Every structure is written in structure tokens, then in C-alpha cells.
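J.: Here it is, the structure, as C-alpha cells.
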Amino acid sequence: MNKSLTRQITAGIGIALGMLIFNAATSYRNTLKLVENEAWVSHTHRVLTELEVTLSTVKDAEIGQRGYLLTGEERYLEPYYSAIAGVNVQVVGLQELIVDKQQQQRTRQLKIAIDSKLAELEETINLRRKKNLAAAMQQVKTDRGKQIMDGIRQQVAVMIVAENQLLQQRARESQASANLTIVTFTVAAVVDWLLLVLVYYLVQRDRILRDNAQIKQNQLLEQLEHDRNSLQLTEERFRLAIVNAPLPIMLHAENGEVLQINSAWTEFSGYKSSEIPTIEDWTEKAYGSRKSLVQANINWLHKLNSRLSEGEYIITTARGDKRIWDFYSAPLGKLSDGRSLVISTAIDITARKQAEAEIRMLNATLEQRVELRTNQLQGANEELEAFTYTVAHDLRAPLRGMQGLAEALLEDYGEILDELGQEYAQQIVNSGQQLEDLIQDLLAYSHLSRTDLSLQVVELESAVAEAIAMVQADAKSNGARISVRSPLLRVIAHRVTLVQVIANLLANAIKFVAGASPQVQIWAEEIQLPPEGETDRQTAGEWKRGTVEKWEHSQLLISTGQLPVIKANEDDRIIRLWVEDNGIGIAPEHQKRIFRVFERLHGIESYPGTGIGLAIVQKAVDRMGGQVGVESQLGHGSRFWIQLRKG
């Protein structure tokens, strides 16, 4: 570096240092002024806040006074007492904050006005306490308090305007100081920067020229090293992906050379890599007599430029097993020597093929099994029909003979028999009648299981009327009163079966009553089915009436069957028919049992019957695609319901 260049650099550095010192001093002075102005701006904001808080406190005192005047309740004076406690502190704080002389004078006047307002508020409160609301309100109507409050608002507004003017003035001063600091710093920084750039340029010019060639050479070497490392890393990743892949993979060249074979291929096939160095070796070992056909397909692969599904091939492993592989291949371009490269992979589908064969075998025998089961079911039905015929004819014939002989004995020889003999004969007649009723109910239950029910729209009004007529004799003898609440709507049902169901429920309602005349009520309601897929079976407490009304906890809903056969859509609605009685009720633990065959909760001497009536009800309603249940409490009557799809 020559002497001229050294002098230029020294002069530039000296000028730059001088400018830095001058800039630092100027910036420090302007910064102090800026900090001072910002402090005054913050002080002004505090004064404005205190003025607003003071005015709000006085308003709170006035609100508390008005609440007490109107109600006479001391609790409404809480804001008033809080305001009195705080307003003097706030005024003192204002006097300490404000330094402007005019504002200090206004603060003293504001304190006088606030004291006057508090005195006026206290005066009206005392009038309310000592006299009454009218006396206090008379004082309020003089507008003295309003005038004082208006004066306070005006004084606060004047002080706020003055403070805002001070705020604007101090803000302008702060902005001017900031602008001056920025300009000074910017000018000095620009000059320093230019000088430093000049010095840097002079120093670096020769160095840049000397180092350019070396830098370019180093960059080229680094790029070459990076490319070589990237290539090695890519090759290693590709090799590991091939070797460790879970599926058999082979890389082979156009001349048949096997370039890479992974561990999955050797593991599944049983052959070592050294045993299959070429495609020909693989086809010889794995395909045997079929190797020529497979080899032709492999040669064809090297002529394609797209992926190919080769299909399924049966291979022979080194262990002698027969396996089925599904092959897929794709070209990978050209090798450096011009040969085409293909990647082939396989999936062992032996287990899947065996499963498919088993399924085909099962399907082949399924029709025979279905036919066999159908014949067995038909035979069982024929046996059931034969048994039903026996019960209906062969068993009932001697039973009726026994009943007839017992009745004839009572009629013809009743005077000869003593009282005990007459009782025995009567028991024979009664037992025969009970057995006749039992056989009749069993036949009805069996008939429901075997008969195809043709469903149609049924008017509940007429069905209920017909059922009431069927039990009219029992109702009259027991003094029962049956009331029907209209309308009963329409349902999808089998009319004769539905009438029998309602008649059975009415018979139970009339029969199971103790110490009172039976009172039976019948009504119907329309409800929305739960959305399809939400549940397949409803349990206790899950049904909802109408939209979202839930059952009371004291009630228990027993669902006794699957939901209706026809799945619910948004527009599907059902009708629930209720039969309510004032009978003996049913304990919760027995409410599921009563719908089973031969389930009785009471002896026949207490309540006659066969124990099949409710089982017939459930079976019949199930066959019509509906449900049946009960709500009951012991000693408080029962409410049986059946639900069917709306007609």
C-alpha cells in the first residue's frame, strides 16, 4: 500500500471520528429533551385520566343518592359512600399532579364545587331519613343540585381542554426534538458511511482482485465434493431401500444379469443370491418346464417403456414348496453400457388364493346346506302343526267329555251327593274349563307364530270399540268404567290381531284390581322414531315424547323387542296406544317377566287366568312390526302401551 493511499485513509478515519463525536453529543442533548417532553406528555395523560375519574366518582355519588331517595334502602348508598371516600383523595391527587398555575386555580374552584355537591347530596339524604321522600324530592326539584353538577362538568371540561392544549404543545416539542435528532443522526451517519465506504473500497480493492481467482477455485472444489457426497448418499439410500424392502425386489439388466436382489426375495424363495446370478438361473430353478414361457415375458419387459403388471405365477421354492407370486415390473432407464434396467417386485398371494379356494368350496356346498336346513325347518313346522292338531282335537275331545260328565253329575245326582262331593265335582268342572282356556291360549300363541299377517291401515277408533265390546261382560260384572280419549288416529296393523291385543290388555286392566272398581283409560299419541343407526334397541329411559321431553325418573319403560321392521326415516312417525288402569301395579323387577309365557305373579286362586295373555300381546305386536311395554309402580296402577307405525 503506497503513502498516498495511507494519507487518504488516515484523513477519512479522522473526519469520520469527528463526525461521530459531534453526532453523539447532539443526539444526547436532543434525547434528553425528548425524554423530558415525553414525561410531560405522560403527565398530561395522567391529569386527563384523573379528571375523568373524579367526574365519574361524583356521578356515582349522585346515583347512589338517587337510588336511596327512591327506595329508602341503605344498600343503595354504597356507591355514595365509596364516592365520598374517594373523591377527596382524587382532588388532592389532581392538585399534586397539576403544575400549571391557571390549572391549579381551576382545581381549587373544582374542589369547592365538589364539596358543595357532596353537601347538597348529604342534605337530601338527611331529609329522606328524617322526613320522607316528598321532602327530599322537593329539595331535588329546586335544581340546585343540577346547577352544581353542571358547574362541575363545565369546570372539568375547561380543565380537559386546557390539558389537551398543553398535551398538543408538548407533543409538538417532542416531535421537533425527535425530528432534529433524526436529521442530525442521519446526516452524520451518511457522511460517516460514505467515508467508511471509501476507506473500505480502497483497502479491499486490491485484496478482492487477488482473492477472486482463489475463491472461484475453492467454490468449484466444494461443489464437486458436495455433488459426489450427494450421489453417494443417494446411491446408499437406494441400495438400502432395495435390500431392506419387505417385498421381494430384483434389479436385472437386458442381457439377463441380476444386478441386485434383496433379502426378502431370497428369504421367501429360499435361494441364495449366488444361486441365481442371472434371470435364466431364476427361471430354471423357480419355473422348471415353464421357464421358456416365463423367459419370453421377461425379455419382452426390456422393450417396454412403462410399468407392467405381469400377473400371477406359480414358483417352486428351494424347499420344494409351491407358492403363488404376483409380479410387477417397471423400467429404470439405461445403464452406462447401454443395457436397459428393469426393477421387478412380487407379492406372495398364496394365502389369499387358498382362502379364495376355500370360499369357492364353501359357496359350492352352501346351497346344499341351505336346502338341508330348509327341509329340517319344514319338518319341524310339520311336527308343530301335527302337535297343534293333536292339542286342538285329540286332547280337547276327552277334556270336553270330562267336563260334560262332571256337569251331568251335578245336574242329575246333585241331590244325592253331599256338600263335599258337590264341591269336588264343581272343581272338576272348573279345572276342565281352566285347561280349556289354557289350550285355547296356547293355540292362539302358536297360531301367531305361523300365520302370515297381512298389514293394512286400521282405524284405532273402531278397533278399540270392538275390543271393548269383547270384554263388556267382564267389565259389567266387575263394575269397570272404560273411558276413551279421542282422537285415536290410524296405524299399520292386522285388524283381527290388533283387536285381540287390545282386548287382552283391557281384560288384564279389569281383572288385576283390588278393593276398588276398575277405572280404565285409553288414549293414543304420535311420536317421532329415533334416527336410523342411532340404536337398534331402546332401553329404559331412552324414549322421548314428541321432540325432547324426557320421562320422569319415577317411571320405568320396558322395551320388549326389536324396533319396527321398517327402519325409521326422518318422516317416519309411530302411534303409541296407552291402556291405563288403577290396579295393583307391578314391581320394577317383574315388569320384564310378565310378557313371557306362563309367567304369573299371583296364584290362580287370587286372579284367574292362564299366564299367556301378555305373551300373546307381545308376540302379536312383534309380528305386526311394533313394540309393547309397561310403566308401573306397585300399588299405583299400570300403563301398558303398544306402538305401531302410523297409518
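In the C-alpha cells, chains take letters A, B, ... by order of appearance, with residues numbered from 1 within each chain and ligands from 1 in the order shown.
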Considering only C-alpha atoms, return as a PyMOL selection string whatever protein or nucleic-acid residues lie within 10 Å of Glu254 of chain A, sequence-local ones (same chain, fewer than 3 positions apart) excluded.
T.: chain A and resi 257-258+279+298-303+334-335+338-342
J.: Give me a file of those residues, with all heavy atoms, as a tab-separated table (two decimals), in the first residue's frame.
T.:
```
chain	number	residue	atom	x	y	z
A	257	GLU	N	-28.52	-60.37	-16.64
A	257	GLU	CA	-27.72	-60.31	-15.43
A	257	GLU	C	-28.55	-59.76	-14.26
A	257	GLU	O	-29.22	-58.73	-14.40
A	257	GLU	CB	-26.48	-59.43	-15.65
A	257	GLU	CG	-25.60	-59.34	-14.40
A	257	GLU	CD	-24.45	-58.36	-14.59
A	257	GLU	OE1	-24.37	-57.76	-15.70
A	257	GLU	OE2	-23.66	-58.19	-13.66
A	258	VAL	N	-28.51	-60.43	-13.13
A	258	VAL	CA	-29.18	-59.95	-11.91
A	258	VAL	C	-28.21	-59.03	-11.20
A	258	VAL	O	-27.18	-59.47	-10.67
A	258	VAL	CB	-29.60	-61.12	-11.01
A	258	VAL	CG1	-30.16	-60.59	-9.71
A	258	VAL	CG2	-30.63	-62.00	-11.72
A	279	ILE	N	-31.21	-64.12	-14.78
A	279	ILE	CA	-32.63	-64.43	-14.90
A	279	ILE	C	-32.83	-65.88	-15.34
A	279	ILE	O	-33.76	-66.56	-14.90
A	279	ILE	CB	-33.30	-63.46	-15.90
A	279	ILE	CG1	-33.40	-62.06	-15.28
A	279	ILE	CG2	-34.69	-63.94	-16.27
A	279	ILE	CD1	-34.33	-61.96	-14.10
A	298	ILE	N	-40.14	-62.09	-19.77
A	298	ILE	CA	-39.11	-61.24	-19.16
A	298	ILE	C	-38.36	-60.47	-20.25
A	298	ILE	O	-38.07	-59.27	-20.10
A	298	ILE	CB	-38.15	-62.10	-18.32
A	298	ILE	CG1	-38.90	-62.67	-17.10
A	298	ILE	CG2	-36.95	-61.29	-17.87
A	298	ILE	CD1	-38.08	-63.65	-16.29
A	299	ASN	N	-38.02	-61.14	-21.35
A	299	ASN	CA	-37.33	-60.45	-22.44
A	299	ASN	C	-38.18	-59.32	-23.01
A	299	ASN	O	-37.66	-58.28	-23.42
A	299	ASN	CB	-36.98	-61.46	-23.54
A	299	ASN	CG	-35.97	-62.49	-23.07
A	299	ASN	OD1	-35.20	-62.23	-22.13
A	299	ASN	ND2	-35.97	-63.66	-23.68
A	300	TRP	N	-39.49	-59.54	-23.04
A	300	TRP	CA	-40.40	-58.52	-23.57
A	300	TRP	C	-40.43	-57.27	-22.68
A	300	TRP	O	-40.62	-56.16	-23.14
A	300	TRP	CB	-41.80	-59.13	-23.69
A	300	TRP	CG	-42.80	-58.21	-24.32
A	300	TRP	CD1	-42.67	-57.52	-25.48
A	300	TRP	CD2	-44.08	-57.87	-23.79
A	300	TRP	NE1	-43.80	-56.78	-25.73
A	300	TRP	CE2	-44.69	-56.99	-24.70
A	300	TRP	CE3	-44.77	-58.26	-22.65
A	300	TRP	CZ2	-45.96	-56.47	-24.49
A	300	TRP	CZ3	-46.04	-57.74	-22.45
A	300	TRP	CH2	-46.62	-56.85	-23.35
A	301	LEU	N	-40.20	-57.45	-21.36
A	301	LEU	CA	-40.22	-56.34	-20.42
A	301	LEU	C	-39.18	-55.28	-20.79
A	301	LEU	O	-39.42	-54.08	-20.64
A	301	LEU	CB	-39.95	-56.83	-18.99
A	301	LEU	CG	-41.10	-57.52	-18.27
A	301	LEU	CD1	-40.62	-58.10	-16.96
A	301	LEU	CD2	-42.23	-56.54	-18.04
A	302	HIS	N	-38.00	-55.73	-21.24
A	302	HIS	CA	-36.91	-54.79	-21.53
A	302	HIS	C	-37.19	-53.93	-22.75
A	302	HIS	O	-36.45	-52.99	-23.04
A	302	HIS	CB	-35.61	-55.55	-21.69
A	302	HIS	CG	-35.10	-56.12	-20.40
A	302	HIS	ND1	-34.36	-55.39	-19.49
A	302	HIS	CD2	-35.25	-57.36	-19.85
A	302	HIS	CE1	-34.06	-56.15	-18.45
A	302	HIS	NE2	-34.59	-57.35	-18.63
A	303	LYS	N	-38.23	-54.27	-23.51
A	303	LYS	CA	-38.59	-53.48	-24.69
A	303	LYS	C	-39.68	-52.45	-24.40
A	303	LYS	O	-40.04	-51.67	-25.28
A	303	LYS	CB	-39.05	-54.40	-25.82
A	303	LYS	CG	-37.99	-55.41	-26.24
A	303	LYS	CD	-38.49	-56.34	-27.33
A	303	LYS	CE	-37.43	-57.37	-27.73
A	303	LYS	NZ	-37.93	-58.29	-28.78
A	334	LYS	N	-31.45	-46.61	-18.71
A	334	LYS	CA	-30.32	-47.29	-19.32
A	334	LYS	C	-29.12	-47.27	-18.37
A	334	LYS	O	-28.90	-46.30	-17.63
A	334	LYS	CB	-29.93	-46.62	-20.64
A	334	LYS	CG	-31.01	-46.68	-21.72
A	334	LYS	CD	-31.16	-48.08	-22.29
A	334	LYS	CE	-32.14	-48.08	-23.46
A	334	LYS	NZ	-32.25	-49.43	-24.08
A	335	LEU	N	-28.36	-48.34	-18.41
A	335	LEU	CA	-27.10	-48.38	-17.70
A	335	LEU	C	-26.03	-47.65	-18.51
A	335	LEU	O	-26.24	-47.27	-19.67
A	335	LEU	CB	-26.69	-49.84	-17.46
A	335	LEU	CG	-27.61	-50.64	-16.52
A	335	LEU	CD1	-27.21	-52.11	-16.53
A	335	LEU	CD2	-27.58	-50.09	-15.11
A	338	GLY	N	-25.31	-49.05	-21.87
A	338	GLY	CA	-26.38	-49.05	-22.85
A	338	GLY	C	-27.46	-50.09	-22.62
A	338	GLY	O	-28.50	-50.08	-23.30
A	339	ARG	N	-27.26	-50.99	-21.68
A	339	ARG	CA	-28.28	-52.00	-21.41
A	339	ARG	C	-29.46	-51.37	-20.66
A	339	ARG	O	-29.28	-50.47	-19.83
A	339	ARG	CB	-27.70	-53.13	-20.57
A	339	ARG	CG	-26.65	-53.98	-21.26
A	339	ARG	CD	-26.13	-55.06	-20.31
A	339	ARG	NE	-25.51	-54.46	-19.12
A	339	ARG	CZ	-25.15	-55.17	-18.04
A	339	ARG	NH1	-25.34	-56.48	-18.01
A	339	ARG	NH2	-24.58	-54.57	-17.02
A	340	SER	N	-30.67	-51.88	-20.96
A	340	SER	CA	-31.85	-51.40	-20.23
A	340	SER	C	-31.89	-52.07	-18.86
A	340	SER	O	-31.45	-53.21	-18.68
A	340	SER	CB	-33.13	-51.73	-21.02
A	340	SER	OG	-33.29	-53.13	-21.15
A	341	LEU	N	-32.42	-51.31	-17.88
A	341	LEU	CA	-32.50	-51.79	-16.50
A	341	LEU	C	-33.97	-51.88	-16.09
A	341	LEU	O	-34.75	-50.95	-16.32
A	341	LEU	CB	-31.75	-50.85	-15.55
A	341	LEU	CG	-31.77	-51.20	-14.07
A	341	LEU	CD1	-31.06	-52.53	-13.82
A	341	LEU	CD2	-31.12	-50.09	-13.25
A	342	VAL	N	-34.36	-53.00	-15.49
A	342	VAL	CA	-35.75	-53.22	-15.07
A	342	VAL	C	-35.76	-53.61	-13.60
A	342	VAL	O	-34.89	-54.37	-13.14
A	342	VAL	CB	-36.42	-54.33	-15.92
A	342	VAL	CG1	-37.78	-54.71	-15.34
A	342	VAL	CG2	-36.59	-53.85	-17.36
```
J.: Might you pull out every residue within 10 Å of Arg153 of chain A, with only C-alpha atoms counted and same-chain residues fewer than 2 positions away left off, and present them as a PyMOL selection string?
T.: chain A and resi 52+55+58+110+113+147-151+155-159
J.: Run DSSP on the backbone and give me the residues of segment 203-336 of chain A it puts in strand (DSSP E), as number ranges by chain.
T.: A: 249-253, 258-261, 308-316, 322-334
J.: Between atom CA of Gln214 of chain A and atom CA of Val197 of chain A, measure the distance and give it in Å to one decimal.
T.: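 Computing it gives 24.3 Å between the two atoms.
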J.: From the list A:Arg623, A:Lys285, A:Arg645, A:Arg29, which residue is nearest Ile527 of chain A when using only C-alpha atoms?
T.: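 Nearest to Ile527 of chain A: A:Arg645.
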J.: Show which residues sit within 8 Å of Tyr271 of chain A, as a PyMOL selection string. Count only C-alpha atoms, and ignore same-chain residues fewer than 5 positions away.
T.: chain A and resi 266+276+317-318
J.: Applying 6 Å and only C-alpha atoms, which residues near segment 311-313 of chain A remain after dropping the ones on its own chain fewer than 6 positions away? List them as a VMD selection string.
T.: chain A and resid 324 to 327
J.: What is the atom CA of Ile152 of chain A-atom CA of Ala171 of chain A distance in Å, reported with one decimal?
T.: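 It comes out at 27.9 Å.
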J.: What lies within 10 Å of Ile586 of chain A using only C-alpha atoms, ignoring chain neighbours under 5 positions off, as a PyMOL selection string?
T.: chain A and resi 591+594+601+630-638
J.: Once you have the residues from the selection above, write them out as an mmCIF file, in the first residue's frame, restricted to all heavy atoms.
T.:
```
data_model
loop_
_atom_site.group_PDB
_atom_site.id
_atom_site.type_symbol
_atom_site.label_atom_id
_atom_site.label_comp_id
_atom_site.auth_asym_id
_atom_site.auth_seq_id
_atom_site.Cartn_x
_atom_site.Cartn_y
_atom_site.Cartn_z
ATOM 1 N N GLN A 591 -91.367 -56.509 35.750
ATOM 2 C CA GLN A 591 -92.016 -55.933 34.580
ATOM 3 C C GLN A 591 -91.561 -56.557 33.268
ATOM 4 O O GLN A 591 -92.264 -56.478 32.273
ATOM 5 C CB GLN A 591 -91.784 -54.413 34.558
ATOM 6 C CG GLN A 591 -92.537 -53.714 35.682
ATOM 7 C CD GLN A 591 -92.297 -52.223 35.698
ATOM 8 O OE1 GLN A 591 -91.599 -51.697 34.850
ATOM 9 N NE2 GLN A 591 -92.878 -51.538 36.662
ATOM 10 N N ILE A 594 -93.507 -60.433 32.901
ATOM 11 C CA ILE A 594 -94.937 -60.618 32.639
ATOM 12 C C ILE A 594 -95.237 -60.860 31.168
ATOM 13 O O ILE A 594 -96.322 -61.328 30.831
ATOM 14 C CB ILE A 594 -95.735 -59.396 33.140
ATOM 15 C CG1 ILE A 594 -95.266 -58.122 32.432
ATOM 16 C CG2 ILE A 594 -95.625 -59.263 34.644
ATOM 17 C CD1 ILE A 594 -96.104 -56.911 32.768
ATOM 18 N N LEU A 601 -97.564 -63.630 38.440
ATOM 19 C CA LEU A 601 -97.070 -63.018 39.664
ATOM 20 C C LEU A 601 -97.974 -63.334 40.850
ATOM 21 O O LEU A 601 -97.604 -63.074 42.001
ATOM 22 C CB LEU A 601 -96.980 -61.491 39.488
ATOM 23 C CG LEU A 601 -96.116 -61.006 38.319
ATOM 24 C CD1 LEU A 601 -96.069 -59.482 38.303
ATOM 25 C CD2 LEU A 601 -94.707 -61.580 38.421
ATOM 26 N N VAL A 630 -94.520 -51.439 29.465
ATOM 27 C CA VAL A 630 -95.362 -51.081 30.601
ATOM 28 C C VAL A 630 -94.616 -50.089 31.469
ATOM 29 O O VAL A 630 -93.391 -50.130 31.587
ATOM 30 C CB VAL A 630 -95.734 -52.340 31.427
ATOM 31 C CG1 VAL A 630 -94.507 -52.990 32.017
ATOM 32 C CG2 VAL A 630 -96.730 -51.996 32.535
ATOM 33 N N GLU A 631 -95.390 -49.177 32.046
ATOM 34 C CA GLU A 631 -94.910 -48.281 33.102
ATOM 35 C C GLU A 631 -95.778 -48.543 34.315
ATOM 36 O O GLU A 631 -97.011 -48.480 34.225
ATOM 37 C CB GLU A 631 -95.024 -46.820 32.685
ATOM 38 C CG GLU A 631 -94.161 -46.436 31.505
ATOM 39 C CD GLU A 631 -94.393 -44.994 31.100
ATOM 40 O OE1 GLU A 631 -95.185 -44.321 31.803
ATOM 41 O OE2 GLU A 631 -93.810 -44.566 30.098
ATOM 42 N N SER A 632 -95.153 -48.827 35.457
ATOM 43 C CA SER A 632 -95.962 -49.197 36.605
ATOM 44 C C SER A 632 -95.181 -49.016 37.887
ATOM 45 O O SER A 632 -93.946 -49.102 37.898
ATOM 46 C CB SER A 632 -96.429 -50.659 36.473
ATOM 47 O OG SER A 632 -97.260 -51.017 37.561
ATOM 48 N N GLN A 633 -95.932 -48.783 38.968
ATOM 49 C CA GLN A 633 -95.396 -48.781 40.323
ATOM 50 C C GLN A 633 -96.326 -49.621 41.182
ATOM 51 O O GLN A 633 -97.556 -49.528 41.057
ATOM 52 C CB GLN A 633 -95.289 -47.361 40.891
ATOM 53 C CG GLN A 633 -94.228 -46.512 40.205
ATOM 54 C CD GLN A 633 -94.107 -45.138 40.848
ATOM 55 O OE1 GLN A 633 -94.891 -44.808 41.740
ATOM 56 N NE2 GLN A 633 -93.159 -44.367 40.395
ATOM 57 N N LEU A 634 -95.753 -50.415 42.059
ATOM 58 C CA LEU A 634 -96.529 -51.324 42.878
ATOM 59 C C LEU A 634 -97.543 -50.536 43.720
ATOM 60 O O LEU A 634 -97.194 -49.601 44.445
ATOM 61 C CB LEU A 634 -95.596 -52.136 43.792
ATOM 62 C CG LEU A 634 -96.192 -53.391 44.420
ATOM 63 C CD1 LEU A 634 -96.653 -54.368 43.344
ATOM 64 C CD2 LEU A 634 -95.178 -54.060 45.343
ATOM 65 N N GLY A 635 -98.839 -50.906 43.577
ATOM 66 C CA GLY A 635 -99.891 -50.248 44.335
ATOM 67 C C GLY A 635 -100.430 -48.988 43.710
ATOM 68 O O GLY A 635 -101.326 -48.353 44.284
ATOM 69 N N HIS A 636 -99.921 -48.596 42.545
ATOM 70 C CA HIS A 636 -100.346 -47.338 41.920
ATOM 71 C C HIS A 636 -100.787 -47.541 40.474
ATOM 72 O O HIS A 636 -100.707 -46.607 39.670
ATOM 73 C CB HIS A 636 -99.215 -46.313 41.972
ATOM 74 C CG HIS A 636 -98.844 -45.906 43.366
ATOM 75 N ND1 HIS A 636 -99.559 -45.001 44.102
ATOM 76 C CD2 HIS A 636 -97.825 -46.329 44.155
ATOM 77 C CE1 HIS A 636 -99.002 -44.844 45.292
ATOM 78 N NE2 HIS A 636 -97.932 -45.648 45.347
ATOM 79 N N GLY A 637 -101.223 -48.715 40.115
ATOM 80 C CA GLY A 637 -101.741 -48.946 38.782
ATOM 81 C C GLY A 637 -100.645 -49.142 37.749
ATOM 82 O O GLY A 637 -99.448 -49.086 38.050
ATOM 83 N N SER A 638 -101.073 -49.399 36.525
ATOM 84 C CA SER A 638 -100.136 -49.670 35.428
ATOM 85 C C SER A 638 -100.592 -48.938 34.172
ATOM 86 O O SER A 638 -101.783 -48.649 33.998
ATOM 87 C CB SER A 638 -100.052 -51.171 35.134
ATOM 88 O OG SER A 638 -99.666 -51.891 36.281
#
```
